[in-house]
Amino acid sequence: MKLDFEKKFIERLSTAKKVVFFTGAGISAESGIPTFRGSDGIWNKMKPEELASFDAFMRNPDLVWEWYQHRRNIINNTKPNAGHIAIAELEKYYDVTVVTQNIDNLHRRAGSTKIFELHGNIERNYCIDCKTFYNSPELEISSGVPKCKKCGGLIRPDVVWFGEMLPHDQYSGGEQAAEKSDICFVVGTSAVVYPAAYIPMTAKQAGSFVVEINIEPTDLTRYADYSIFGKAGEILPEIVDIVKQIKGE
Ligand code: OAD
Ligand code: ZN
């Protein structure tokens with residue numbers, strides 16, 4: 001597939017300096033990680049209030065821990081796809097900031113260096129009592145929720161659950177990058193979960209050119225300056241090719 005990109009988009013690519021990628025579960029779909037919404041989505045099979053809330057964890061910590069352990073296993077057995085790699089590659093040409101809703105660490109594994117994680121990271125965990133942090137590989141692999149070595153408290157994944165605040169430094173870092181960006185790509189997100197979904201709107205209000213990449217229209221489509229419909233893992237490498245042409249490579 002060779003796409004015919006809109007002229008205005010090509011012009012922006014040639015003048016842009018700061019580029020933001022606001023990403024969601026769709027960018028990791030081609031790595032084999034399930035998305036949340038849609039017919040095969042996680043929230044179609046499981047109830048978020050039973051698995052992804054602090055109350056759920058306190059009611060049944062082992063069940064919630066096992067579910068995250070299952071997701072860690074999927075993530076550990078996969079790798080970044082062409083979409084993640086293309087974003088990392090664009091650091092050669094732009095000041096790129098990734099603002100992601102994903103907890104899967106795949107942007108970092110692909111080589112992106114400036115990343116704000118709005119919903120946490122499944123590789124990190126902390127004790128709910130004394131807040132000591134533990135990386136996932138450090139935790140003993142046994143069944144059920146692990147306990148803190150310092151105080152015996154329950155250890156939870158460092159992810160944002162329903163009803164919880166986003167990490168302030170991550171959100172404000174993402175927001176500032178969006179405000180300063182010349183182009184804000186919105187990749188593989190339904191853009192229905194707030195406050196995360198304010199990021200592309202902040203970019204748009206500040207005059208950034210908002211480019212959506214998704215397999216289908218979303219709530220954000222009417223705000224986007226340009227929408228490209230297709231798989232992130234196919235479209236993003238084509239954007240890298242165009243950028244290389246623009247930069248004379
Ligand atoms: P969703 O599952 O809501 O949306 C995934 C989006 O990716 C959809 O719009 C799909 O059309 C699109 N998509 C799927 N495959 C794609 C592909 N190969 N290329 C491009 N697009 C593709 O996931 P998110 O928007 O990330 O929150 O969900 C937002 C938040 O809701 C998550 O961070 C999570 C969830 O509840 C928390 O855990 C706090
Ligand atoms: Zn502790």
# chains A, B, ... in the order shown; residues from 1 in each chain; ligands from 1
$ residues_around --residues "Ile33 (chain A)" --least-positions-apart "6" --cutoff "12 Å" --atoms "only C-alpha atoms" --output "PyMOL selection string"
chain A and resi 24-27+40-42+70-81+102-106
$ closest_atom_pairs --of "chain A" --to "ligand 1" --cutoff "7 Å" --atoms "only C-alpha atoms and all ligand atoms" --output "JSON lines"
{"residue": "A:Thr23", "atom": "CA", "partner": "ligand 1", "partner_atom_place_in_ligand_line": "26 (O)", "distance": 6.9}
{"residue": "A:Gly24", "atom": "CA", "partner": "ligand 1", "partner_atom_place_in_ligand_line": "26 (O)", "distance": 3.3}
{"residue": "A:Ala25", "atom": "CA", "partner": "ligand 1", "partner_atom_place_in_ligand_line": "26 (O)", "distance": 3.8}
{"residue": "A:Gly26", "atom": "CA", "partner": "ligand 1", "partner_atom_place_in_ligand_line": "7 (O)", "distance": 3.2}
{"residue": "A:Ile27", "atom": "CA", "partner": "ligand 1", "partner_atom_place_in_ligand_line": "19 (N)", "distance": 5.4}
{"residue": "A:Ala29", "atom": "CA", "partner": "ligand 1", "partner_atom_place_in_ligand_line": "15 (N)", "distance": 5.1}
{"residue": "A:Glu30", "atom": "CA", "partner": "ligand 1", "partner_atom_place_in_ligand_line": "18 (N)", "distance": 5.3}
{"residue": "A:Thr35", "atom": "CA", "partner": "ligand 1", "partner_atom_place_in_ligand_line": "2 (O)", "distance": 4.0}
{"residue": "A:Phe36", "atom": "CA", "partner": "ligand 1", "partner_atom_place_in_ligand_line": "2 (O)", "distance": 3.3}
{"residue": "A:Arg37", "atom": "CA", "partner": "ligand 1", "partner_atom_place_in_ligand_line": "2 (O)", "distance": 3.8}
{"residue": "A:Gly38", "atom": "CA", "partner": "ligand 1", "partner_atom_place_in_ligand_line": "2 (O)", "distance": 6.5}
{"residue": "A:Gly41", "atom": "CA", "partner": "ligand 1", "partner_atom_place_in_ligand_line": "2 (O)", "distance": 6.1}
{"residue": "A:Gln101", "atom": "CA", "partner": "ligand 1", "partner_atom_place_in_ligand_line": "33 (O)", "distance": 4.3}
{"residue": "A:Asn102", "atom": "CA", "partner": "ligand 1", "partner_atom_place_in_ligand_line": "33 (O)", "distance": 5.4}
{"residue": "A:His119", "atom": "CA", "partner": "ligand 1", "partner_atom_place_in_ligand_line": "39 (C)", "distance": 5.4}
{"residue": "A:Val160", "atom": "CA", "partner": "ligand 1", "partner_atom_place_in_ligand_line": "39 (C)", "distance": 5.0}
{"residue": "A:Trp161", "atom": "CA", "partner": "ligand 1", "partner_atom_place_in_ligand_line": "39 (C)", "distance": 5.3}
{"residue": "A:Phe162", "atom": "CA", "partner": "ligand 1", "partner_atom_place_in_ligand_line": "39 (C)", "distance": 6.1}
{"residue": "A:Val187", "atom": "CA", "partner": "ligand 1", "partner_atom_place_in_ligand_line": "20 (C)", "distance": 6.1}
{"residue": "A:Gly188", "atom": "CA", "partner": "ligand 1", "partner_atom_place_in_ligand_line": "21 (N)", "distance": 3.5}
{"residue": "A:Thr189", "atom": "CA", "partner": "ligand 1", "partner_atom_place_in_ligand_line": "25 (O)", "distance": 3.3}
{"residue": "A:Ser190", "atom": "CA", "partner": "ligand 1", "partner_atom_place_in_ligand_line": "9 (O)", "distance": 3.6}
{"residue": "A:Ala191", "atom": "CA", "partner": "ligand 1", "partner_atom_place_in_ligand_line": "25 (O)", "distance": 5.2}
{"residue": "A:Val192", "atom": "CA", "partner": "ligand 1", "partner_atom_place_in_ligand_line": "25 (O)", "distance": 6.6}
{"residue": "A:Val193", "atom": "CA", "partner": "ligand 1", "partner_atom_place_in_ligand_line": "29 (C)", "distance": 5.3}
{"residue": "A:Ile213", "atom": "CA", "partner": "ligand 1", "partner_atom_place_in_ligand_line": "20 (C)", "distance": 6.0}
{"residue": "A:Asn214", "atom": "CA", "partner": "ligand 1", "partner_atom_place_in_ligand_line": "21 (N)", "distance": 3.7}
{"residue": "A:Ile215", "atom": "CA", "partner": "ligand 1", "partner_atom_place_in_ligand_line": "21 (N)", "distance": 4.7}
{"residue": "A:Glu216", "atom": "CA", "partner": "ligand 1", "partner_atom_place_in_ligand_line": "11 (O)", "distance": 5.1}
{"residue": "A:Thr218", "atom": "CA", "partner": "ligand 1", "partner_atom_place_in_ligand_line": "9 (O)", "distance": 6.0}
{"residue": "A:Gly230", "atom": "CA", "partner": "ligand 1", "partner_atom_place_in_ligand_line": "19 (N)", "distance": 6.1}
{"residue": "A:Lys231", "atom": "CA", "partner": "ligand 1", "partner_atom_place_in_ligand_line": "19 (N)", "distance": 3.6}
{"residue": "A:Ala232", "atom": "CA", "partner": "ligand 1", "partner_atom_place_in_ligand_line": "19 (N)", "distance": 3.9}
{"residue": "A:Gly233", "atom": "CA", "partner": "ligand 1", "partner_atom_place_in_ligand_line": "18 (N)", "distance": 6.4}
$ atom_distance --atom1 "CA of Gly32 (chain A)" --atom2 "CA of Asp55 (chain A)"
29.1 Å
$ closest_atom_pairs --of "chain A" --to "ligand 2" --cutoff "10 Å" --atoms "only C-alpha atoms and all ligand atoms" --output "CSV"
residue,atom,partner,partner_atom_place_in_ligand_line,distance
A:Tyr126,CA,ligand 2,1 (Zn),7.8
A:Cys127,CA,ligand 2,1 (Zn),4.6
A:Ile128,CA,ligand 2,1 (Zn),6.7
A:Asp129,CA,ligand 2,1 (Zn),5.1
A:Cys130,CA,ligand 2,1 (Zn),4.0
A:Lys131,CA,ligand 2,1 (Zn),5.9
A:Thr132,CA,ligand 2,1 (Zn),5.7
A:Phe133,CA,ligand 2,1 (Zn),8.7
A:Lys147,CA,ligand 2,1 (Zn),7.6
A:Cys148,CA,ligand 2,1 (Zn),4.5
A:Lys149,CA,ligand 2,1 (Zn),6.6
A:Lys150,CA,ligand 2,1 (Zn),5.1
A:Cys151,CA,ligand 2,1 (Zn),4.2
A:Gly152,CA,ligand 2,1 (Zn),5.7
A:Gly153,CA,ligand 2,1 (Zn),4.8
A:Leu154,CA,ligand 2,1 (Zn),7.3
A:Ile155,CA,ligand 2,1 (Zn),7.7
$ residues_around --residues "Val98 (chain A)" --least-positions-apart "3" --cutoff "8 Å" --atoms "only C-alpha atoms" --output "list in words"
Val20, Phe21, Phe22, Thr23, His107, Ser112, Lys114, Ile115, Phe116 and Gly174 of chain A
$ write_last_selection --atoms "all heavy atoms" --output "CSV table (one decimal), in the first residue's frame"
chain,number,residue,atom,x,y,z
A,20,VAL,N,4.1,15.4,18.6
A,20,VAL,CA,3.5,14.6,19.7
A,20,VAL,C,2.8,13.4,19.1
A,20,VAL,O,2.1,13.5,18.1
A,20,VAL,CB,2.6,15.4,20.6
A,20,VAL,CG1,1.7,14.5,21.5
A,20,VAL,CG2,3.4,16.3,21.5
A,21,PHE,N,3.0,12.2,19.7
A,21,PHE,CA,2.2,11.1,19.4
A,21,PHE,C,1.4,10.7,20.6
A,21,PHE,O,1.9,10.4,21.7
A,21,PHE,CB,3.1,9.9,19.0
A,21,PHE,CG,3.6,10.0,17.6
A,21,PHE,CD1,4.8,10.6,17.4
A,21,PHE,CD2,2.9,9.5,16.6
A,21,PHE,CE1,5.3,10.8,16.1
A,21,PHE,CE2,3.4,9.6,15.3
A,21,PHE,CZ,4.6,10.2,15.1
A,22,PHE,N,0.1,10.9,20.5
A,22,PHE,CA,-0.8,10.5,21.6
A,22,PHE,C,-1.4,9.1,21.2
A,22,PHE,O,-2.0,9.0,20.2
A,22,PHE,CB,-2.0,11.5,21.7
A,22,PHE,CG,-3.0,11.2,22.7
A,22,PHE,CD1,-2.7,11.1,24.0
A,22,PHE,CD2,-4.3,10.9,22.3
A,22,PHE,CE1,-3.7,10.7,25.0
A,22,PHE,CE2,-5.3,10.6,23.2
A,22,PHE,CZ,-5.0,10.5,24.6
A,23,THR,N,-1.0,8.1,22.0
A,23,THR,CA,-1.4,6.7,21.5
A,23,THR,C,-2.3,6.0,22.5
A,23,THR,O,-2.3,6.3,23.7
A,23,THR,CB,-0.1,5.9,21.3
A,23,THR,OG1,0.6,5.7,22.6
A,23,THR,CG2,0.9,6.5,20.3
A,107,HIS,N,6.5,1.4,23.7
A,107,HIS,CA,7.2,2.5,23.1
A,107,HIS,C,8.7,2.6,23.6
A,107,HIS,O,9.6,2.9,22.8
A,107,HIS,CB,6.5,3.8,23.5
A,107,HIS,CG,5.2,4.1,22.8
A,107,HIS,ND1,5.2,4.2,21.4
A,107,HIS,CD2,3.9,4.2,23.2
A,107,HIS,CE1,3.9,4.4,21.0
A,107,HIS,NE2,3.1,4.4,22.1
A,112,SER,N,11.8,4.8,21.8
A,112,SER,CA,11.4,6.2,22.1
A,112,SER,C,12.0,6.6,23.4
A,112,SER,O,12.1,5.8,24.3
A,112,SER,CB,9.8,6.3,22.1
A,112,SER,OG,9.3,6.2,20.9
A,114,LYS,N,11.4,10.0,24.9
A,114,LYS,CA,10.6,11.0,25.7
A,114,LYS,C,9.2,10.5,25.8
A,114,LYS,O,8.5,10.6,24.8
A,114,LYS,CB,10.7,12.4,25.1
A,114,LYS,CG,10.8,13.5,26.1
A,114,LYS,CD,10.5,14.8,25.5
A,114,LYS,CE,11.6,15.4,24.7
A,114,LYS,NZ,11.2,16.6,24.0
A,115,ILE,N,8.8,9.9,26.9
A,115,ILE,CA,7.5,9.3,27.0
A,115,ILE,C,6.8,9.7,28.3
A,115,ILE,O,7.4,9.7,29.4
A,115,ILE,CB,7.7,7.7,27.1
A,115,ILE,CG1,8.5,7.2,25.9
A,115,ILE,CG2,6.3,7.0,27.1
A,115,ILE,CD1,9.0,5.8,26.0
A,116,PHE,N,5.6,10.1,28.1
A,116,PHE,CA,4.7,10.3,29.3
A,116,PHE,C,3.6,9.3,29.3
A,116,PHE,O,2.9,9.0,28.3
A,116,PHE,CB,4.1,11.7,29.2
A,116,PHE,CG,5.1,12.8,29.4
A,116,PHE,CD1,5.5,13.5,28.3
A,116,PHE,CD2,5.6,13.1,30.6
A,116,PHE,CE1,6.5,14.5,28.4
A,116,PHE,CE2,6.6,14.1,30.8
A,116,PHE,CZ,7.0,14.8,29.7
A,174,GLY,N,2.7,15.8,29.4
A,174,GLY,CA,2.0,15.5,28.1
A,174,GLY,C,1.3,16.7,27.6
A,174,GLY,O,1.3,17.0,26.4
$ atom_distance --atom1 "CA of Tyr134 (chain A)" --atom2 "CA of Glu66 (chain A)"
16.6 Å
$ residues_around --residues "Asn60 (chain A)" --least-positions-apart "4" --cutoff "12 Å" --atoms "only C-alpha atoms" --output "list of chain:residue names"
A:Glu49, A:Glu50, A:Leu51, A:Ala52, A:Ser53, A:Phe54, A:Asp55, A:Ala56, A:Val64, A:Trp65, A:Glu66, A:Trp67, A:Gly144, A:Val145, A:Leu154, A:Arg156
$ residues_around --residues "region 6-11 of chain A" --least-positions-apart "2" --cutoff "9 Å" --atoms "only C-alpha atoms" --output "PyMOL selection string"
chain A and resi 4+13-16+209+211+225-226+242-243+246
$ write_last_selection --atoms "N, CA, C and O atoms" --output "short mmCIF file (atom, residue, chain, number, x, y, z; two decimals), in the first residue's frame"
data_model
loop_
_atom_site.label_atom_id
_atom_site.label_comp_id
_atom_site.auth_asym_id
_atom_site.auth_seq_id
_atom_site.Cartn_x
_atom_site.Cartn_y
_atom_site.Cartn_z
N ASP A 4 -1.54 8.22 -0.61
CA ASP A 4 -1.42 9.55 -1.18
C ASP A 4 -1.77 10.55 -0.07
O ASP A 4 -2.92 10.81 0.18
N LEU A 13 4.60 18.44 7.69
CA LEU A 13 5.74 17.55 7.98
C LEU A 13 7.06 18.23 7.62
O LEU A 13 8.08 17.99 8.26
N SER A 14 7.02 19.08 6.60
CA SER A 14 8.30 19.70 6.21
C SER A 14 8.69 20.87 7.09
O SER A 14 9.86 21.20 7.17
N THR A 15 7.72 21.51 7.75
CA THR A 15 8.09 22.66 8.60
C THR A 15 8.13 22.32 10.09
O THR A 15 8.71 23.06 10.88
N ALA A 16 7.50 21.21 10.48
CA ALA A 16 7.35 20.89 11.91
C ALA A 16 8.68 20.64 12.59
O ALA A 16 9.63 20.14 11.98
N PHE A 209 -1.41 20.83 14.35
CA PHE A 209 -2.12 20.13 13.27
C PHE A 209 -2.40 18.71 13.77
O PHE A 209 -1.46 17.95 14.03
N VAL A 211 -3.50 14.98 13.51
CA VAL A 211 -3.61 13.91 12.51
C VAL A 211 -4.02 12.62 13.20
O VAL A 211 -3.31 12.12 14.08
N ASP A 225 -7.56 17.54 12.01
CA ASP A 225 -7.32 18.27 10.77
C ASP A 225 -7.18 17.30 9.61
O ASP A 225 -7.41 17.66 8.46
N TYR A 226 -6.78 16.10 9.94
CA TYR A 226 -6.57 15.11 8.88
C TYR A 226 -6.72 13.72 9.50
O TYR A 226 -6.14 13.45 10.56
N ILE A 242 7.97 9.14 3.84
CA ILE A 242 7.70 10.48 3.31
C ILE A 242 8.65 11.50 3.96
O ILE A 242 9.21 12.37 3.30
N VAL A 243 8.82 11.36 5.28
CA VAL A 243 9.69 12.30 6.00
C VAL A 243 11.12 12.19 5.46
O VAL A 243 11.79 13.21 5.23
N ILE A 246 11.26 14.08 2.29
CA ILE A 246 11.24 15.53 2.55
C ILE A 246 12.62 16.01 3.00
O ILE A 246 13.09 17.06 2.60
#
$ select_by_dssp --residues "region 26-129 of chain A" --states "strand (DSSP E)" --output "mmCIF file with N, CA and C atoms, in the first residue's frame"
data_model
loop_
_atom_site.group_PDB
_atom_site.id
_atom_site.type_symbol
_atom_site.label_atom_id
_atom_site.label_comp_id
_atom_site.auth_asym_id
_atom_site.auth_seq_id
_atom_site.Cartn_x
_atom_site.Cartn_y
_atom_site.Cartn_z
ATOM 1 N N ASP A 95 11.697 16.668 17.243
ATOM 2 C CA ASP A 95 11.658 16.579 18.700
ATOM 3 C C ASP A 95 10.339 15.869 19.039
ATOM 4 N N VAL A 96 10.432 14.570 19.259
ATOM 5 C CA VAL A 96 9.227 13.738 19.410
ATOM 6 C C VAL A 96 8.913 13.472 20.888
ATOM 7 N N THR A 97 7.663 13.686 21.256
ATOM 8 C CA THR A 97 7.204 13.285 22.590
ATOM 9 C C THR A 97 6.064 12.292 22.425
ATOM 10 N N VAL A 98 6.161 11.174 23.118
ATOM 11 C CA VAL A 98 5.081 10.188 23.109
ATOM 12 C C VAL A 98 4.253 10.385 24.383
ATOM 13 N N VAL A 99 2.961 10.546 24.210
ATOM 14 C CA VAL A 99 2.051 10.638 25.362
ATOM 15 C C VAL A 99 1.113 9.451 25.217
ATOM 16 N N THR A 100 1.303 8.456 26.064
ATOM 17 C CA THR A 100 0.550 7.219 25.841
ATOM 18 C C THR A 100 -0.410 6.888 26.972
ATOM 19 N N ILE A 115 8.819 9.925 26.910
ATOM 20 C CA ILE A 115 7.507 9.269 27.000
ATOM 21 C C ILE A 115 6.796 9.699 28.275
ATOM 22 N N PHE A 116 5.550 10.113 28.126
ATOM 23 C CA PHE A 116 4.710 10.348 29.301
ATOM 24 C C PHE A 116 3.648 9.251 29.328
ATOM 25 N N GLU A 117 3.577 8.565 30.459
ATOM 26 C CA GLU A 117 2.638 7.441 30.587
ATOM 27 C C GLU A 117 1.470 7.872 31.465
ATOM 28 N N GLY A 120 0.090 4.872 33.760
ATOM 29 C CA GLY A 120 1.029 4.037 34.510
ATOM 30 C C GLY A 120 1.764 3.049 33.625
ATOM 31 N N ASN A 121 2.395 2.061 34.285
ATOM 32 C CA ASN A 121 3.232 1.085 33.576
ATOM 33 C C ASN A 121 3.158 -0.246 34.320
ATOM 34 N N ILE A 122 2.798 -1.278 33.597
ATOM 35 C CA ILE A 122 2.569 -2.593 34.209
ATOM 36 C C ILE A 122 3.858 -3.233 34.732
ATOM 37 N N GLU A 123 4.995 -2.690 34.288
ATOM 38 C CA GLU A 123 6.292 -3.202 34.750
ATOM 39 C C GLU A 123 6.619 -2.740 36.165
ATOM 40 N N ARG A 124 5.913 -1.701 36.601
ATOM 41 C CA ARG A 124 6.172 -1.158 37.943
ATOM 42 C C ARG A 124 5.029 -1.516 38.875
ATOM 43 N N ASN A 125 5.366 -1.649 40.164
ATOM 44 C CA ASN A 125 4.367 -1.985 41.181
ATOM 45 C C ASN A 125 4.738 -1.238 42.443
ATOM 46 N N TYR A 126 3.780 -1.107 43.354
ATOM 47 C CA TYR A 126 4.138 -0.496 44.642
ATOM 48 C C TYR A 126 3.267 -1.018 45.768
ATOM 49 N N CYS A 127 3.833 -0.903 46.971
ATOM 50 C CA CYS A 127 3.134 -1.362 48.167
ATOM 51 C C CYS A 127 2.048 -0.347 48.517
#
$ closest_residue --among "A:Pro146, A:Ser181, A:Val186, A:Ile239" --to "Gly207 (chain A)" --atoms "only C-alpha atoms"
A:Ser181
$ atom_distance --atom1 "CA of Lys204 (chain A)" --atom2 "CA of Lys180 (chain A)"
10.4 Å
$ select_by_dssp --residues "region 83-176 of chain A" --states "alpha helix (DSSP H)" --output "ChimeraX atom specification"
/A:83-89,106-110,168-176
$ write_last_selection --atoms "N, CA and C atoms" --output "mmCIF file, in the first residue's frame"
data_model
loop_
_atom_site.group_PDB
_atom_site.id
_atom_site.type_symbol
_atom_site.label_atom_id
_atom_site.label_comp_id
_atom_site.auth_asym_id
_atom_site.auth_seq_id
_atom_site.Cartn_x
_atom_site.Cartn_y
_atom_site.Cartn_z
ATOM 1 N N GLY A 83 4.680 0.086 13.963
ATOM 2 C CA GLY A 83 4.148 1.399 14.365
ATOM 3 C C GLY A 83 4.988 2.022 15.467
ATOM 4 N N HIS A 84 5.255 1.244 16.540
ATOM 5 C CA HIS A 84 6.096 1.757 17.632
ATOM 6 C C HIS A 84 7.489 2.123 17.096
ATOM 7 N N ILE A 85 8.008 1.260 16.234
ATOM 8 C CA ILE A 85 9.382 1.457 15.734
ATOM 9 C C ILE A 85 9.460 2.714 14.858
ATOM 10 N N ALA A 86 8.407 2.938 14.052
ATOM 11 C CA ALA A 86 8.382 4.147 13.207
ATOM 12 C C ALA A 86 8.407 5.403 14.073
ATOM 13 N N ILE A 87 7.652 5.401 15.154
ATOM 14 C CA ILE A 87 7.609 6.578 16.040
ATOM 15 C C ILE A 87 8.992 6.826 16.634
ATOM 16 N N ALA A 88 9.655 5.752 17.052
ATOM 17 C CA ALA A 88 11.006 5.900 17.618
ATOM 18 C C ALA A 88 11.967 6.434 16.549
ATOM 19 N N GLU A 89 11.800 5.952 15.334
ATOM 20 C CA GLU A 89 12.687 6.373 14.237
ATOM 21 C C GLU A 89 12.535 7.868 13.931
ATOM 22 N N LEU A 106 5.778 -0.717 25.463
ATOM 23 C CA LEU A 106 6.302 -1.047 24.126
ATOM 24 C C LEU A 106 6.959 0.151 23.432
ATOM 25 N N HIS A 107 6.515 1.367 23.737
ATOM 26 C CA HIS A 107 7.193 2.526 23.132
ATOM 27 C C HIS A 107 8.654 2.584 23.586
ATOM 28 N N ARG A 108 8.853 2.320 24.889
ATOM 29 C CA ARG A 108 10.232 2.370 25.415
ATOM 30 C C ARG A 108 11.058 1.248 24.791
ATOM 31 N N ARG A 109 10.466 0.066 24.732
ATOM 32 C CA ARG A 109 11.198 -1.057 24.131
ATOM 33 C C ARG A 109 11.524 -0.798 22.658
ATOM 34 N N ALA A 110 10.682 0.003 21.985
ATOM 35 C CA ALA A 110 10.950 0.316 20.567
ATOM 36 C C ALA A 110 12.048 1.359 20.410
ATOM 37 N N HIS A 168 0.228 13.267 38.186
ATOM 38 C CA HIS A 168 0.217 14.680 37.804
ATOM 39 C C HIS A 168 1.374 15.057 36.864
ATOM 40 N N ASP A 169 2.594 14.581 37.206
ATOM 41 C CA ASP A 169 3.757 14.962 36.396
ATOM 42 C C ASP A 169 3.633 14.438 34.962
ATOM 43 N N GLN A 170 3.055 13.253 34.829
ATOM 44 C CA GLN A 170 2.917 12.662 33.496
ATOM 45 C C GLN A 170 1.883 13.435 32.672
ATOM 46 N N TYR A 171 0.757 13.755 33.318
ATOM 47 C CA TYR A 171 -0.286 14.484 32.585
ATOM 48 C C TYR A 171 0.192 15.882 32.206
ATOM 49 N N SER A 172 0.801 16.578 33.170
ATOM 50 C CA SER A 172 1.190 17.955 32.845
ATOM 51 C C SER A 172 2.324 17.966 31.827
ATOM 52 N N GLY A 173 3.211 16.995 31.886
ATOM 53 C CA GLY A 173 4.272 16.884 30.868
ATOM 54 C C GLY A 173 3.673 16.670 29.486
ATOM 55 N N GLY A 174 2.689 15.801 29.408
ATOM 56 C CA GLY A 174 2.015 15.508 28.140
ATOM 57 C C GLY A 174 1.258 16.723 27.616
ATOM 58 N N GLU A 175 0.625 17.417 28.548
ATOM 59 C CA GLU A 175 -0.164 18.598 28.180
ATOM 60 C C GLU A 175 0.749 19.697 27.612
ATOM 61 N N GLN A 176 1.879 19.902 28.279
ATOM 62 C CA GLN A 176 2.810 20.938 27.800
ATOM 63 C C GLN A 176 3.372 20.584 26.421
#
$ residues_around --residues "Met201 (chain A)" --least-positions-apart "5" --cutoff "10 Å" --atoms "only C-alpha atoms" --output "short mmCIF file (atom, residue, chain, number, x, y, z; two decimals) with N, CA, C and O atoms, in the first residue's frame"
data_model
loop_
_atom_site.label_atom_id
_atom_site.label_comp_id
_atom_site.auth_asym_id
_atom_site.auth_seq_id
_atom_site.Cartn_x
_atom_site.Cartn_y
_atom_site.Cartn_z
N GLU A 175 0.62 17.42 28.55
CA GLU A 175 -0.16 18.60 28.18
C GLU A 175 0.75 19.70 27.61
O GLU A 175 0.44 20.31 26.59
N ALA A 178 1.89 18.80 24.19
CA ALA A 178 0.78 18.98 23.24
C ALA A 178 0.65 20.45 22.86
O ALA A 178 0.49 20.80 21.69
N GLU A 179 0.74 21.34 23.86
CA GLU A 179 0.60 22.78 23.61
C GLU A 179 1.70 23.31 22.69
O GLU A 179 1.46 24.21 21.89
N CYS A 184 0.24 16.94 16.11
CA CYS A 184 -0.14 15.97 17.15
C CYS A 184 -0.81 14.78 16.46
O CYS A 184 -1.92 14.91 15.95
N ALA A 196 -7.36 11.90 29.74
CA ALA A 196 -6.36 11.65 28.70
C ALA A 196 -6.76 12.26 27.36
O ALA A 196 -5.95 12.91 26.68
N ALA A 206 -4.14 24.90 20.75
CA ALA A 206 -2.90 25.67 20.71
C ALA A 206 -2.37 25.82 19.28
O ALA A 206 -1.28 26.34 19.06
N GLY A 207 -3.12 25.34 18.29
CA GLY A 207 -2.74 25.56 16.90
C GLY A 207 -1.97 24.43 16.25
O GLY A 207 -1.48 24.56 15.13
N SER A 208 -1.86 23.30 16.95
CA SER A 208 -1.17 22.15 16.36
C SER A 208 -2.05 21.53 15.27
O SER A 208 -3.27 21.70 15.27
N VAL A 210 -3.68 18.37 13.94
CA VAL A 210 -4.03 17.09 14.55
C VAL A 210 -4.30 16.04 13.47
O VAL A 210 -5.18 16.21 12.63
N LEU A 220 -12.98 11.60 17.99
CA LEU A 220 -12.04 12.69 17.72
C LEU A 220 -12.02 13.11 16.25
O LEU A 220 -11.53 14.18 15.90
N TYR A 223 -12.69 16.60 15.14
CA TYR A 223 -11.74 17.63 15.56
C TYR A 223 -10.44 17.56 14.78
O TYR A 223 -9.66 18.51 14.78
N ALA A 224 -10.18 16.40 14.19
CA ALA A 224 -8.88 16.20 13.54
C ALA A 224 -8.75 17.05 12.28
O ALA A 224 -9.73 17.26 11.57
#
$ closest_residue --among "A:Ala177, A:Leu139, A:Leu90, A:Asp182" --to "Ile199 (chain A)" --atoms "only C-alpha atoms"
A:Ala177
$ closest_residue --among "A:Leu166, A:Leu118, A:Val19, A:Ile235" --to "Glu91 (chain A)" --atoms "only C-alpha atoms"
A:Val19
$ decode --residues "region 115-138 of chain A" --atoms "C-alpha atoms" --output "PDB file, in the first residue's frame"
ATOM      1  CA  ILE A 115       7.507   9.269  27.000  1.00  0.00           C
ATOM      2  CA  PHE A 116       4.710  10.348  29.301  1.00  0.00           C
ATOM      3  CA  GLU A 117       2.638   7.441  30.587  1.00  0.00           C
ATOM      4  CA  LEU A 118      -0.779   8.740  31.550  1.00  0.00           C
ATOM      5  CA  HIS A 119      -2.110   5.446  32.909  1.00  0.00           C
ATOM      6  CA  GLY A 120       1.029   4.037  34.510  1.00  0.00           C
ATOM      7  CA  ASN A 121       3.232   1.085  33.576  1.00  0.00           C
ATOM      8  CA  ILE A 122       2.569  -2.593  34.209  1.00  0.00           C
ATOM      9  CA  GLU A 123       6.292  -3.202  34.750  1.00  0.00           C
ATOM     10  CA  ARG A 124       6.172  -1.158  37.943  1.00  0.00           C
ATOM     11  CA  ASN A 125       4.367  -1.985  41.181  1.00  0.00           C
ATOM     12  CA  TYR A 126       4.138  -0.496  44.642  1.00  0.00           C
ATOM     13  CA  CYS A 127       3.134  -1.362  48.167  1.00  0.00           C
ATOM     14  CA  ILE A 128      -0.261   0.135  49.015  1.00  0.00           C
ATOM     15  CA  ASP A 129       0.899   0.839  52.593  1.00  0.00           C
ATOM     16  CA  CYS A 130       4.484   2.135  52.494  1.00  0.00           C
ATOM     17  CA  LYS A 131       4.613   2.969  48.748  1.00  0.00           C
ATOM     18  CA  THR A 132       7.890   1.103  48.144  1.00  0.00           C
ATOM     19  CA  PHE A 133       8.315   0.482  44.412  1.00  0.00           C
ATOM     20  CA  TYR A 134       9.052  -2.924  42.893  1.00  0.00           C
ATOM     21  CA  ASN A 135       9.804  -3.739  39.255  1.00  0.00           C
ATOM     22  CA  SER A 136       7.844  -6.753  38.053  1.00  0.00           C
ATOM     23  CA  PRO A 137      10.879  -9.040  37.497  1.00  0.00           C
ATOM     24  CA  GLU A 138      11.965  -8.439  41.126  1.00  0.00           C
TER      25      GLU A 138
END
